[in-house]
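Peer 1: This is the structure I have questions about; it appears just below.
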Protein chains: 2
Amino acid sequence: MNTYRDIFKWGDKREAQIDEGTLKVIQKEFGFTDEKFKDKYLVGDQEVKLNHKCQLDQIIIDQFIKIVGAENCKIDDYSRASHSYGKFYAELIKLRKGLIPTPPDLVIYPRNEEDIIQIISICNSHKIAVTPFGGHSSVTRGVETPNGGISLDLTKHLNKIIEVNEINSTVTVQSGMYGPVFENYLNNYGEKYTCGHFPQSFEYSTVGGWVAAKGAGQASTGYGKIEHMVLSLRVVTPTGIIETKTYPASAQGWDLYTIFIGSEGTLGVITQVTMKIHKFRPNQTKHASFIFKNFDSAVTAMRNVMQSGIGVPHLFRISDPEETDIAFKTKNFEGTIADKFLNTIGYKSGSRCLMFVSVDGDKAYTNHVISSIKKIVKKSGTFYLGASPTKKWLEQRYSSAYLRDPLMDLGIMTDTLETAVMWNNLISLWSSVRTYLKSREKTVAMVHISHVYENGANLYFTFLSPMKTADELADYESFHKGLVDTIHANKGSLSHHHGIGRTLAPWMQNELGKNSLDLMQAIKDQLDPNGIMNPGNTLGLKP
Amino acid sequence: MNTYRDIFKWGDKREAQIDEGTLKVIQKEFGFTDEKFKDKYLVGDQEVKLNHKCQLDQIIIDQFIKIVGAENCKIDDYSRASHSYGKFYAELIKLRKGLIPTPPDLVIYPRNEEDIIQIISICNSHKIAVTPFGGHSSVTRGVETPNGGISLDLTKHLNKIIEVNEINSTVTVQSGMYGPVFENYLNNYGEKYTCGHFPQSFEYSTVGGWVAAKGAGQASTGYGKIEHMVLSLRVVTPTGIIETKTYPASAQGWDLYTIFIGSEGTLGVITQVTMKIHKFRPNQTKHASFIFKNFDSAVTAMRNVMQSGIGVPHLFRISDPEETDIAFKTKNFEGTIADKFLNTIGYKSGSRCLMFVSVDGDKAYTNHVISSIKKIVKKSGTFYLGASPTKKWLEQRYSSAYLRDPLMDLGIMTDTLETAVMWNNLISLWSSVRTYLKSREKTVAMVHISHVYENGANLYFTFLSPMKTADELADYESFHKGLVDTIHANKGSLSHHHGIGRTLAPWMQNELGKNSLDLMQAIKDQLDPNGIMNPGNTLGLKP
């Protein structure tokens, strides 16, 4: 029996258990009794049944079957249901409730680019919506199908490496390849390489999804965001194929490939991407971790590192005081002798902040950068904690996302939002958002900086709060709206790396200005005149 | 008396003299006799007189005068003539001949953005062409006015710094500011900064021109090309103002600011730009220079440096054997004891290649990178020449361009072209282009790499050859066409940093593909529906 839980849980092995440390925090913060812990919120274990029949004519379906074969053309309830949503909190609630009002009519697994060209051509003629589908880890309602149509799942067949070029230090890869397969391939190829892109969703996201949603990995401070990694790409649009050439840089008009990075499926189907790769030398990577007396001094230290011309770290993070405290609590560090010592020498819980650093590259470089960072951050009154906390963090770096399901089982609302901001607005944005989050009763609000630039950084907000289970969706939506409004009013971008999807679409015109959104629409209209590509207000474009 | 020579010569002080070393090379390579040296080609010292009257109605001119004042609205022959061309070789020939068939009707110096908005609005209503004009150092026919209209000179008034933000490490500057004024301002501001952008045209180019033409400076290997420096910009288009927000990075749709980098005036007038700045610490900069036995080993060494994860140099150059030999000859190094020593130990003239390196930043970083580079290039069999050759090169780095006028006075055709190419195609492209250039009798062909990336580099070609003065333009055009064809056929981009203008426009559709050029045209049509912005096939767009 295929259940709704099978759709939203993280792959086969991902029925994560909440560790004891986290349970204690929940108990204390939310006042949960033992009774409450037994009381499971909608777990979504009912069988998937759709109320909406496929709206496509059989004659059209037969055309698709003729192209890809019946085995790659799925019309059953479970296939359609499992392609209806990503991993946005409100989507997960809907799945738990069995609410799927607008599933795709058909799920198609194209075998190659030629299939995609033919499918898009049919859809364009009949104005059938097409939504490209990768790892379905979108947290912005980016893969929903409000207009039904085709969910075009690229993961089954378009998942091959086309070429690794060791002279050029590039890889050309099909868009449907999952992160771990991609990285593993590179790690074992020739002289051994890494792509350097490790988003939180790494294990359940694809190269095409990274590009379409303009993602960032945890080592982005050194390797860059995805837009700094891509050299060229190939896209099937309703108007035809756009393939950009692979140059290290050029000056032949504006760079057209950038238009597809962050296009979120609205312009066409990205079929392949050529990206930079780097030597993979994990044994030469150097780690360090530090604790600061407060967030302000940690941020200043981080900024000084980025603006000092000493080279760059790859992983570079600070947790704010609440996130630091919770990390110490859940890792059972609180109350230890070491904890007491830190408190005694001025690194007090409630204000202290953790910093994690890793530097990749040549051994002499990693040594140089770590030692330069140590010198710089010392001026901000830090205490060096050794390499081990950063290493430990790296070992479990993808796992926190998997706590979402067991937390929601407990009736806990949990979501993450992120923004980018220039250094001069960072502290005020952080403080305003915290004030907003804390205005809700019983809300845990953890913040970190995890993608750092010379000119600013991101802020990543994680919040947990008991659901108002009578009215979960409306409660969440109004809380979420206030949060985005607060970020926007405090000069943060709508997103640094999650993307916009449909969730943040209502803010786009105000954020970009009408002329800019009109320009995006004109680009959309040129490539997709019938509006079939991921329609329904994605990115704030016309439905 | 204002002459044509006043228009094409480089500013007031730039009547450069050819040094003795260069004269010897010319004598030898071209077989010039003493008589020939006395024989001056058209020097352009006749008074400027236009045959074309301003085509605008007085009523329209009066509207412009009302906006900017009569002192900022010029209709005299010399103003119009001096805004007719950039510094492309064929343009210089035309100036020497007094050929200006399509001057602008009017030169306007807007005082501020509000003036520009009003001017564009009038021009849009009356379909009058508008060509933004900066330092007029374009070498691609980027500022010509084939449709007449307005040359909008931004250098007189739009030349202010709007803000230096030391916390964010950014500067916001108006587009008409010249390079030296801009850099000097930053060098002396607060904690002292540099923009890091030093194109060959530095002394006669503006920030807006850098962005519009997608330029690169001599330290681009470390600081990036202009597209890596810009964070946001503001553009007056016929459809309205586009202003992008300043974030260190973001994921809210594709990055619209990138569309204006390389737009070459076809979409609107860039009025201000926010860019990254960096600490200015010339005393901590480290230099090195090396000689290699041949081009292949120098290129391999360069690639290894870029792909080794040791940090990056800022200036990074190799001269090919012919350029190296000519440098040695013109600097009177040939025949010295040092020269003989180098030949003896295997660095033979005819195949040896010079490499220049500079690293900016924190002292420990510059030391680290230089010492890492020394280790890496040693494996390619290099001989270290010390810091001094690089320092000497830096001292005269802008001056070679100023030789163009006295060389042309001698009847020598001289031009530069450049391309970007992936590492795996670099040697074959270099070799094919050299074969092509050398197929012309008496042609000096110097090549260097000056902008380097992990994935490839540029190639910069300089050629000198006696003009066929009976038919200079046709001779040049056919030679130039063959050269671009050769680059294109050998997988080089049409440009790495000069841009396209009108000179390379005929190759654009073939290079980009029809769908991509159509996409560019759709963007153009959205922002400039009447086609008034720098019209006449710029970038291969519709006239």
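Following the order of the structure tokens, first chain is A, next is B, and so on, with residues numbered from 1 inside each chain and ligands from 1 in the order they appear.
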Please provide the set of residues having any atom within 8 Å of region 277-293 of chain B, restricted to only C-alpha atoms, with same-chain residues fewer than 5 positions apart removed, written as a ChimeraX atom specification.
Peer 2: /A:307-309 /B:169-171,187,191-196,298,346-348,351-363,366-367,370,380-391
Peer 1: Find the spatial neighbours of Ser121 (chain A), counting only C-alpha atoms, within a cut-off of 12 Å - ignore same-chain residues fewer than 2 positions away - and output them as a PDB file with all heavy atoms, in the first residue's frame.
Peer 2:
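The resulting file, part-v8.pdb, is reproduced below:
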```pdb
ATOM      1  N   ILE A  60      -4.127  12.121 -26.862  1.00  0.00           N
ATOM      2  CA  ILE A  60      -2.886  12.846 -26.499  1.00  0.00           C
ATOM      3  C   ILE A  60      -1.984  11.911 -25.691  1.00  0.00           C
ATOM      4  O   ILE A  60      -0.768  11.824 -25.935  1.00  0.00           O
ATOM      5  CB  ILE A  60      -3.228  14.089 -25.651  1.00  0.00           C
ATOM      6  CG1 ILE A  60      -4.154  15.048 -26.387  1.00  0.00           C
ATOM      7  CG2 ILE A  60      -1.944  14.775 -25.171  1.00  0.00           C
ATOM      8  CD1 ILE A  60      -3.476  16.019 -27.292  1.00  0.00           C
ATOM      9  N   GLN A  63      -0.137   9.668 -27.776  1.00  0.00           N
ATOM     10  CA  GLN A  63       1.014  10.301 -28.440  1.00  0.00           C
ATOM     11  C   GLN A  63       2.239  10.271 -27.534  1.00  0.00           C
ATOM     12  O   GLN A  63       3.355   9.998 -27.976  1.00  0.00           O
ATOM     13  CB  GLN A  63       0.689  11.752 -28.818  1.00  0.00           C
ATOM     14  CG  GLN A  63      -0.270  11.874 -29.996  1.00  0.00           C
ATOM     15  CD  GLN A  63      -0.547  13.345 -30.355  1.00  0.00           C
ATOM     16  OE1 GLN A  63       0.350  14.179 -30.322  1.00  0.00           O
ATOM     17  NE2 GLN A  63      -1.788  13.638 -30.680  1.00  0.00           N
ATOM     18  N   PHE A  64       2.014  10.572 -26.254  1.00  0.00           N
ATOM     19  CA  PHE A  64       3.143  10.549 -25.310  1.00  0.00           C
ATOM     20  C   PHE A  64       3.694   9.131 -25.173  1.00  0.00           C
ATOM     21  O   PHE A  64       4.909   8.922 -25.127  1.00  0.00           O
ATOM     22  CB  PHE A  64       2.718  11.083 -23.933  1.00  0.00           C
ATOM     23  CG  PHE A  64       2.423  12.562 -23.920  1.00  0.00           C
ATOM     24  CD1 PHE A  64       1.230  13.052 -23.371  1.00  0.00           C
ATOM     25  CD2 PHE A  64       3.333  13.476 -24.441  1.00  0.00           C
ATOM     26  CE1 PHE A  64       0.964  14.407 -23.345  1.00  0.00           C
ATOM     27  CE2 PHE A  64       3.072  14.847 -24.407  1.00  0.00           C
ATOM     28  CZ  PHE A  64       1.876  15.313 -23.866  1.00  0.00           C
ATOM     29  N   ILE A  67       5.926   8.167 -27.866  1.00  0.00           N
ATOM     30  CA  ILE A  67       7.266   8.770 -27.782  1.00  0.00           C
ATOM     31  C   ILE A  67       8.153   8.026 -26.784  1.00  0.00           C
ATOM     32  O   ILE A  67       9.262   7.600 -27.114  1.00  0.00           O
ATOM     33  CB  ILE A  67       7.180  10.263 -27.369  1.00  0.00           C
ATOM     34  CG1 ILE A  67       6.436  11.069 -28.440  1.00  0.00           C
ATOM     35  CG2 ILE A  67       8.575  10.851 -27.131  1.00  0.00           C
ATOM     36  CD1 ILE A  67       6.039  12.474 -27.997  1.00  0.00           C
ATOM     37  N   GLU A 114      15.675  14.224 -27.070  1.00  0.00           N
ATOM     38  CA  GLU A 114      14.776  14.143 -28.220  1.00  0.00           C
ATOM     39  C   GLU A 114      13.333  13.917 -27.752  1.00  0.00           C
ATOM     40  O   GLU A 114      12.393  14.532 -28.284  1.00  0.00           O
ATOM     41  CB  GLU A 114      15.248  13.018 -29.166  1.00  0.00           C
ATOM     42  CG  GLU A 114      14.553  12.952 -30.503  1.00  0.00           C
ATOM     43  CD  GLU A 114      14.390  14.293 -31.209  1.00  0.00           C
ATOM     44  OE1 GLU A 114      15.366  15.072 -31.311  1.00  0.00           O
ATOM     45  OE2 GLU A 114      13.257  14.575 -31.645  1.00  0.00           O
ATOM     46  N   ASP A 115      13.161  13.046 -26.756  1.00  0.00           N
ATOM     47  CA  ASP A 115      11.826  12.851 -26.169  1.00  0.00           C
ATOM     48  C   ASP A 115      11.270  14.173 -25.636  1.00  0.00           C
ATOM     49  O   ASP A 115      10.088  14.495 -25.838  1.00  0.00           O
ATOM     50  CB  ASP A 115      11.900  11.868 -24.985  1.00  0.00           C
ATOM     51  CG  ASP A 115      12.020  10.412 -25.427  1.00  0.00           C
ATOM     52  OD1 ASP A 115      11.969  10.147 -26.641  1.00  0.00           O
ATOM     53  OD2 ASP A 115      12.162   9.544 -24.535  1.00  0.00           O
ATOM     54  N   ILE A 116      12.116  14.914 -24.952  1.00  0.00           N
ATOM     55  CA  ILE A 116      11.669  16.175 -24.345  1.00  0.00           C
ATOM     56  C   ILE A 116      11.220  17.156 -25.432  1.00  0.00           C
ATOM     57  O   ILE A 116      10.188  17.813 -25.310  1.00  0.00           O
ATOM     58  CB  ILE A 116      12.789  16.791 -23.474  1.00  0.00           C
ATOM     59  CG1 ILE A 116      13.101  15.859 -22.306  1.00  0.00           C
ATOM     60  CG2 ILE A 116      12.391  18.179 -22.960  1.00  0.00           C
ATOM     61  CD1 ILE A 116      14.281  16.270 -21.460  1.00  0.00           C
ATOM     62  N   ILE A 117      11.986  17.218 -26.499  1.00  0.00           N
ATOM     63  CA  ILE A 117      11.625  18.123 -27.601  1.00  0.00           C
ATOM     64  C   ILE A 117      10.240  17.772 -28.132  1.00  0.00           C
ATOM     65  O   ILE A 117       9.380  18.645 -28.322  1.00  0.00           O
ATOM     66  CB  ILE A 117      12.680  18.041 -28.731  1.00  0.00           C
ATOM     67  CG1 ILE A 117      14.019  18.590 -28.238  1.00  0.00           C
ATOM     68  CG2 ILE A 117      12.212  18.790 -29.985  1.00  0.00           C
ATOM     69  CD1 ILE A 117      15.198  18.301 -29.159  1.00  0.00           C
ATOM     70  N   GLN A 118       9.992  16.469 -28.324  1.00  0.00           N
ATOM     71  CA  GLN A 118       8.691  16.053 -28.861  1.00  0.00           C
ATOM     72  C   GLN A 118       7.558  16.300 -27.866  1.00  0.00           C
ATOM     73  O   GLN A 118       6.467  16.725 -28.243  1.00  0.00           O
ATOM     74  CB  GLN A 118       8.741  14.564 -29.230  1.00  0.00           C
ATOM     75  CG  GLN A 118       9.625  14.280 -30.442  1.00  0.00           C
ATOM     76  CD  GLN A 118       9.515  12.815 -30.879  1.00  0.00           C
ATOM     77  OE1 GLN A 118       8.418  12.268 -31.001  1.00  0.00           O
ATOM     78  NE2 GLN A 118      10.652  12.185 -31.100  1.00  0.00           N
ATOM     79  N   ILE A 119       7.834  16.033 -26.598  1.00  0.00           N
ATOM     80  CA  ILE A 119       6.799  16.237 -25.570  1.00  0.00           C
ATOM     81  C   ILE A 119       6.431  17.714 -25.474  1.00  0.00           C
ATOM     82  O   ILE A 119       5.248  18.086 -25.439  1.00  0.00           O
ATOM     83  CB  ILE A 119       7.295  15.703 -24.197  1.00  0.00           C
ATOM     84  CG1 ILE A 119       7.426  14.181 -24.241  1.00  0.00           C
ATOM     85  CG2 ILE A 119       6.359  16.140 -23.068  1.00  0.00           C
ATOM     86  CD1 ILE A 119       8.306  13.596 -23.148  1.00  0.00           C
ATOM     87  N   CYS A 123       2.835  19.517 -26.085  1.00  0.00           N
ATOM     88  CA  CYS A 123       2.242  20.329 -25.019  1.00  0.00           C
ATOM     89  C   CYS A 123       2.038  21.773 -25.481  1.00  0.00           C
ATOM     90  O   CYS A 123       1.040  22.411 -25.142  1.00  0.00           O
ATOM     91  CB  CYS A 123       3.125  20.301 -23.774  1.00  0.00           C
ATOM     92  SG  CYS A 123       3.127  18.678 -22.977  1.00  0.00           S
ATOM     93  N   ASN A 124       2.983  22.275 -26.257  1.00  0.00           N
ATOM     94  CA  ASN A 124       2.879  23.647 -26.740  1.00  0.00           C
ATOM     95  C   ASN A 124       1.689  23.784 -27.690  1.00  0.00           C
ATOM     96  O   ASN A 124       0.937  24.749 -27.618  1.00  0.00           O
ATOM     97  CB  ASN A 124       4.189  24.055 -27.427  1.00  0.00           C
ATOM     98  CG  ASN A 124       4.323  25.558 -27.552  1.00  0.00           C
ATOM     99  OD1 ASN A 124       3.860  26.305 -26.691  1.00  0.00           O
ATOM    100  ND2 ASN A 124       4.928  26.010 -28.633  1.00  0.00           N
ATOM    101  N   SER A 125       1.507  22.788 -28.552  1.00  0.00           N
ATOM    102  CA  SER A 125       0.373  22.840 -29.486  1.00  0.00           C
ATOM    103  C   SER A 125      -0.963  22.804 -28.751  1.00  0.00           C
ATOM    104  O   SER A 125      -1.911  23.462 -29.151  1.00  0.00           O
ATOM    105  CB  SER A 125       0.413  21.634 -30.442  1.00  0.00           C
ATOM    106  OG  SER A 125       1.607  21.625 -31.154  1.00  0.00           O
ATOM    107  N   HIS A 126      -1.024  22.008 -27.694  1.00  0.00           N
ATOM    108  CA  HIS A 126      -2.303  21.826 -26.995  1.00  0.00           C
ATOM    109  C   HIS A 126      -2.403  22.640 -25.714  1.00  0.00           C
ATOM    110  O   HIS A 126      -3.341  22.459 -24.936  1.00  0.00           O
ATOM    111  CB  HIS A 126      -2.500  20.338 -26.688  1.00  0.00           C
ATOM    112  CG  HIS A 126      -2.595  19.481 -27.922  1.00  0.00           C
ATOM    113  ND1 HIS A 126      -3.758  19.324 -28.633  1.00  0.00           N
ATOM    114  CD2 HIS A 126      -1.644  18.780 -28.589  1.00  0.00           C
ATOM    115  CE1 HIS A 126      -3.532  18.538 -29.685  1.00  0.00           C
ATOM    116  NE2 HIS A 126      -2.247  18.186 -29.682  1.00  0.00           N
ATOM    117  N   LYS A 127      -1.407  23.507 -25.491  1.00  0.00           N
ATOM    118  CA  LYS A 127      -1.373  24.326 -24.270  1.00  0.00           C
ATOM    119  C   LYS A 127      -1.531  23.489 -23.001  1.00  0.00           C
ATOM    120  O   LYS A 127      -2.343  23.784 -22.121  1.00  0.00           O
ATOM    121  CB  LYS A 127      -2.427  25.437 -24.339  1.00  0.00           C
ATOM    122  CG  LYS A 127      -2.182  26.342 -25.549  1.00  0.00           C
ATOM    123  CD  LYS A 127      -2.938  27.650 -25.476  1.00  0.00           C
ATOM    124  CE  LYS A 127      -2.618  28.471 -26.731  1.00  0.00           C
ATOM    125  NZ  LYS A 127      -3.379  29.674 -26.862  1.00  0.00           N
ATOM    126  N   ILE A 128      -0.740  22.441 -22.951  1.00  0.00           N
ATOM    127  CA  ILE A 128      -0.711  21.596 -21.757  1.00  0.00           C
ATOM    128  C   ILE A 128       0.478  22.031 -20.894  1.00  0.00           C
ATOM    129  O   ILE A 128       1.589  22.195 -21.398  1.00  0.00           O
ATOM    130  CB  ILE A 128      -0.544  20.110 -22.156  1.00  0.00           C
ATOM    131  CG1 ILE A 128      -1.734  19.670 -23.018  1.00  0.00           C
ATOM    132  CG2 ILE A 128      -0.383  19.225 -20.928  1.00  0.00           C
ATOM    133  CD1 ILE A 128      -1.505  18.339 -23.742  1.00  0.00           C
ATOM    134  N   ALA A 129       0.239  22.224 -19.608  1.00  0.00           N
ATOM    135  CA  ALA A 129       1.305  22.656 -18.701  1.00  0.00           C
ATOM    136  C   ALA A 129       2.383  21.582 -18.573  1.00  0.00           C
ATOM    137  O   ALA A 129       2.086  20.387 -18.564  1.00  0.00           O
ATOM    138  CB  ALA A 129       0.726  22.968 -17.325  1.00  0.00           C
ATOM    139  N   VAL A 130       3.640  22.018 -18.463  1.00  0.00           N
ATOM    140  CA  VAL A 130       4.772  21.107 -18.257  1.00  0.00           C
ATOM    141  C   VAL A 130       5.581  21.597 -17.058  1.00  0.00           C
ATOM    142  O   VAL A 130       6.035  22.741 -17.046  1.00  0.00           O
ATOM    143  CB  VAL A 130       5.715  21.088 -19.485  1.00  0.00           C
ATOM    144  CG1 VAL A 130       6.896  20.150 -19.238  1.00  0.00           C
ATOM    145  CG2 VAL A 130       4.970  20.693 -20.749  1.00  0.00           C
ATOM    146  N   VAL A 236      15.735  23.014 -23.473  1.00  0.00           N
ATOM    147  CA  VAL A 236      14.666  22.857 -24.458  1.00  0.00           C
ATOM    148  C   VAL A 236      13.540  23.797 -24.070  1.00  0.00           C
ATOM    149  O   VAL A 236      12.939  23.646 -22.996  1.00  0.00           O
ATOM    150  CB  VAL A 236      14.153  21.402 -24.508  1.00  0.00           C
ATOM    151  CG1 VAL A 236      12.999  21.287 -25.508  1.00  0.00           C
ATOM    152  CG2 VAL A 236      15.275  20.441 -24.867  1.00  0.00           C
ATOM    153  N   THR A 237      13.269  24.790 -24.901  1.00  0.00           N
ATOM    154  CA  THR A 237      12.161  25.712 -24.637  1.00  0.00           C
ATOM    155  C   THR A 237      11.082  25.463 -25.691  1.00  0.00           C
ATOM    156  O   THR A 237      11.366  24.870 -26.737  1.00  0.00           O
ATOM    157  CB  THR A 237      12.604  27.191 -24.725  1.00  0.00           C
ATOM    158  OG1 THR A 237      12.637  27.583 -26.115  1.00  0.00           O
ATOM    159  CG2 THR A 237      13.980  27.408 -24.100  1.00  0.00           C
ATOM    160  N   PRO A 238       9.858  25.921 -25.443  1.00  0.00           N
ATOM    161  CA  PRO A 238       8.822  25.771 -26.463  1.00  0.00           C
ATOM    162  C   PRO A 238       9.209  26.454 -27.780  1.00  0.00           C
ATOM    163  O   PRO A 238       8.749  26.045 -28.850  1.00  0.00           O
ATOM    164  CB  PRO A 238       7.606  26.439 -25.814  1.00  0.00           C
ATOM    165  CG  PRO A 238       7.824  26.233 -24.344  1.00  0.00           C
ATOM    166  CD  PRO A 238       9.303  26.396 -24.156  1.00  0.00           C
ATOM    167  N   THR A 239      10.088  27.456 -27.749  1.00  0.00           N
ATOM    168  CA  THR A 239      10.513  28.144 -28.967  1.00  0.00           C
ATOM    169  C   THR A 239      11.674  27.429 -29.666  1.00  0.00           C
ATOM    170  O   THR A 239      11.998  27.742 -30.810  1.00  0.00           O
ATOM    171  CB  THR A 239      10.924  29.603 -28.611  1.00  0.00           C
ATOM    172  OG1 THR A 239       9.834  30.229 -27.950  1.00  0.00           O
ATOM    173  CG2 THR A 239      11.280  30.414 -29.828  1.00  0.00           C
ATOM    174  N   GLY A 240      12.315  26.525 -28.979  1.00  0.00           N
ATOM    175  CA  GLY A 240      13.451  25.826 -29.572  1.00  0.00           C
ATOM    176  C   GLY A 240      14.545  25.619 -28.541  1.00  0.00           C
ATOM    177  O   GLY A 240      14.382  25.964 -27.373  1.00  0.00           O
ATOM    178  N   ILE A 241      15.656  25.067 -28.990  1.00  0.00           N
ATOM    179  CA  ILE A 241      16.748  24.792 -28.063  1.00  0.00           C
ATOM    180  C   ILE A 241      17.639  26.018 -27.921  1.00  0.00           C
ATOM    181  O   ILE A 241      17.991  26.659 -28.908  1.00  0.00           O
ATOM    182  CB  ILE A 241      17.582  23.590 -28.560  1.00  0.00           C
ATOM    183  CG1 ILE A 241      16.761  22.304 -28.395  1.00  0.00           C
ATOM    184  CG2 ILE A 241      18.914  23.493 -27.816  1.00  0.00           C
ATOM    185  CD1 ILE A 241      17.461  21.060 -28.862  1.00  0.00           C
ATOM    186  N   GLY A 268      11.891  26.690 -19.767  1.00  0.00           N
ATOM    187  CA  GLY A 268      12.162  25.493 -20.547  1.00  0.00           C
ATOM    188  C   GLY A 268      12.725  24.422 -19.645  1.00  0.00           C
ATOM    189  O   GLY A 268      12.782  24.590 -18.420  1.00  0.00           O
ATOM    190  N   ASP A 528       8.475  31.006 -24.194  1.00  0.00           N
ATOM    191  CA  ASP A 528       7.320  30.163 -23.859  1.00  0.00           C
ATOM    192  C   ASP A 528       6.046  30.959 -24.126  1.00  0.00           C
ATOM    193  O   ASP A 528       5.320  31.326 -23.201  1.00  0.00           O
ATOM    194  CB  ASP A 528       7.435  29.768 -22.373  1.00  0.00           C
ATOM    195  CG  ASP A 528       6.255  28.931 -21.907  1.00  0.00           C
ATOM    196  OD1 ASP A 528       5.584  28.297 -22.755  1.00  0.00           O
ATOM    197  OD2 ASP A 528       6.000  28.923 -20.690  1.00  0.00           O
ATOM    198  N   ASN A 530       3.131  30.378 -25.106  1.00  0.00           N
ATOM    199  CA  ASN A 530       1.826  29.877 -24.653  1.00  0.00           C
ATOM    200  C   ASN A 530       1.765  29.665 -23.140  1.00  0.00           C
ATOM    201  O   ASN A 530       0.761  29.173 -22.620  1.00  0.00           O
ATOM    202  CB  ASN A 530       1.483  28.565 -25.369  1.00  0.00           C
ATOM    203  CG  ASN A 530       1.227  28.800 -26.847  1.00  0.00           C
ATOM    204  OD1 ASN A 530       0.751  29.865 -27.240  1.00  0.00           O
ATOM    205  ND2 ASN A 530       1.573  27.817 -27.679  1.00  0.00           N
ATOM    206  N   ILE A 532       3.259  27.541 -21.121  1.00  0.00           N
ATOM    207  CA  ILE A 532       3.064  26.148 -20.662  1.00  0.00           C
ATOM    208  C   ILE A 532       4.096  25.719 -19.618  1.00  0.00           C
ATOM    209  O   ILE A 532       3.899  24.739 -18.915  1.00  0.00           O
ATOM    210  CB  ILE A 532       3.110  25.139 -21.843  1.00  0.00           C
ATOM    211  CG1 ILE A 532       4.488  25.133 -22.531  1.00  0.00           C
ATOM    212  CG2 ILE A 532       1.992  25.419 -22.844  1.00  0.00           C
ATOM    213  CD1 ILE A 532       4.726  23.917 -23.429  1.00  0.00           C
ATOM    214  N   MET A 533       5.231  26.442 -19.514  1.00  0.00           N
ATOM    215  CA  MET A 533       6.318  25.967 -18.662  1.00  0.00           C
ATOM    216  C   MET A 533       6.110  26.377 -17.197  1.00  0.00           C
ATOM    217  O   MET A 533       6.132  27.549 -16.857  1.00  0.00           O
ATOM    218  CB  MET A 533       7.674  26.496 -19.156  1.00  0.00           C
ATOM    219  CG  MET A 533       8.132  25.951 -20.514  1.00  0.00           C
ATOM    220  SD  MET A 533       8.168  24.131 -20.657  1.00  0.00           S
ATOM    221  CE  MET A 533       9.057  23.665 -19.182  1.00  0.00           C
TER     222      MET A 533
END
```
Peer 1: Determine the nearest neighbour of chain A from the options B:Lys542, B:His314, B:Lys276, B:Arg440, counting only C-alpha atoms.
Peer 2: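 Of B:Lys542, B:His314, B:Lys276, B:Arg440, the one nearest chain A is B:Lys276, counting only C-alpha atoms.
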Peer 1: Under the rule that only C-alpha atoms are counted, which of A:Asn159, A:Ser205, A:Thr274, A:Asn332 is the nearest residue to Glu20 (chain A)?
Peer 2: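 Closest residue, counting only C-alpha atoms: A:Asn332.
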Peer 1: From a backbone DSSP assignment, name each residue in region 95-193 of chain B labelled helix (DSSP H, G or I), as a PyMOL selection string.
Peer 2: chain B and resi 95-97+113-126+179-187
Peer 1: Extract the full set of strand (DSSP E) residues from region 251-432 of chain B according to DSSP on the backbone, and format it as a ChimeraX atom specification.
Peer 2: /B:269-276,278-279,286-292,315-319,353-359,383-386,412-422
Peer 1: Of the candidates A:Gly142, A:Gly86, A:Gly209, A:Gly215, which shows the shortest atom-to-atom distance to chain B, using only C-alpha atoms?
Peer 2: A:Gly215
Peer 1: For region 443-450 of chain A, work out the shell of residues within 8 Å, counting only C-alpha atoms and skipping chain neighbours fewer than 3 positions away, then give it as a count of residues only.
Peer 2: 26
Peer 1: Go through A:Asp105, A:Glu395, A:Glu166, A:Asp475 one by one, measure the shortest atom-to-atom distance of each to chain B using only C-alpha atoms, and give the residue with the smallest value.
Peer 2: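 When distances to chain B are compared using only C-alpha atoms, the smallest one comes from A:Glu166.
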Peer 1: Do a neighbour search on region 488-502 of chain B at 6 Å with only C-alpha atoms, toss out local chain neighbours closer than 4 positions, and write the hits as a list in words.
Peer 2: Ser250, Ala251 and Gln252 of chain A; Thr140, Arg141, Gly142, Ala213, Lys214, Gly215, Ala216, Glu418, Thr419, Ala420, Val421, Leu429, Thr538 and Leu539 of chain B
Peer 1: For Thr131 (chain B), list every protein, DNA or RNA residue within 6 Å, evaluated using only C-alpha atoms, and leave out those in the same chain fewer than 2 positions away; present the list as a CSV table (one decimal) with C-alpha atoms, in the first residue's frame.
Peer 2:
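Writing the result to part_23.csv gives the following:
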```csv
chain,number,residue,atom,x,y,z
B,151,SER,CA,25.5,61.2,-29.0
B,152,LEU,CA,24.9,61.2,-25.2
B,534,ASN,CA,22.6,52.5,-30.2
```
Peer 1: Which of these, A:Ser439, A:Asn537, A:Thr155, A:Gln55, has the shortest distance to Ser175 (chain A) once you count only C-alpha atoms?
Peer 2: A:Thr155
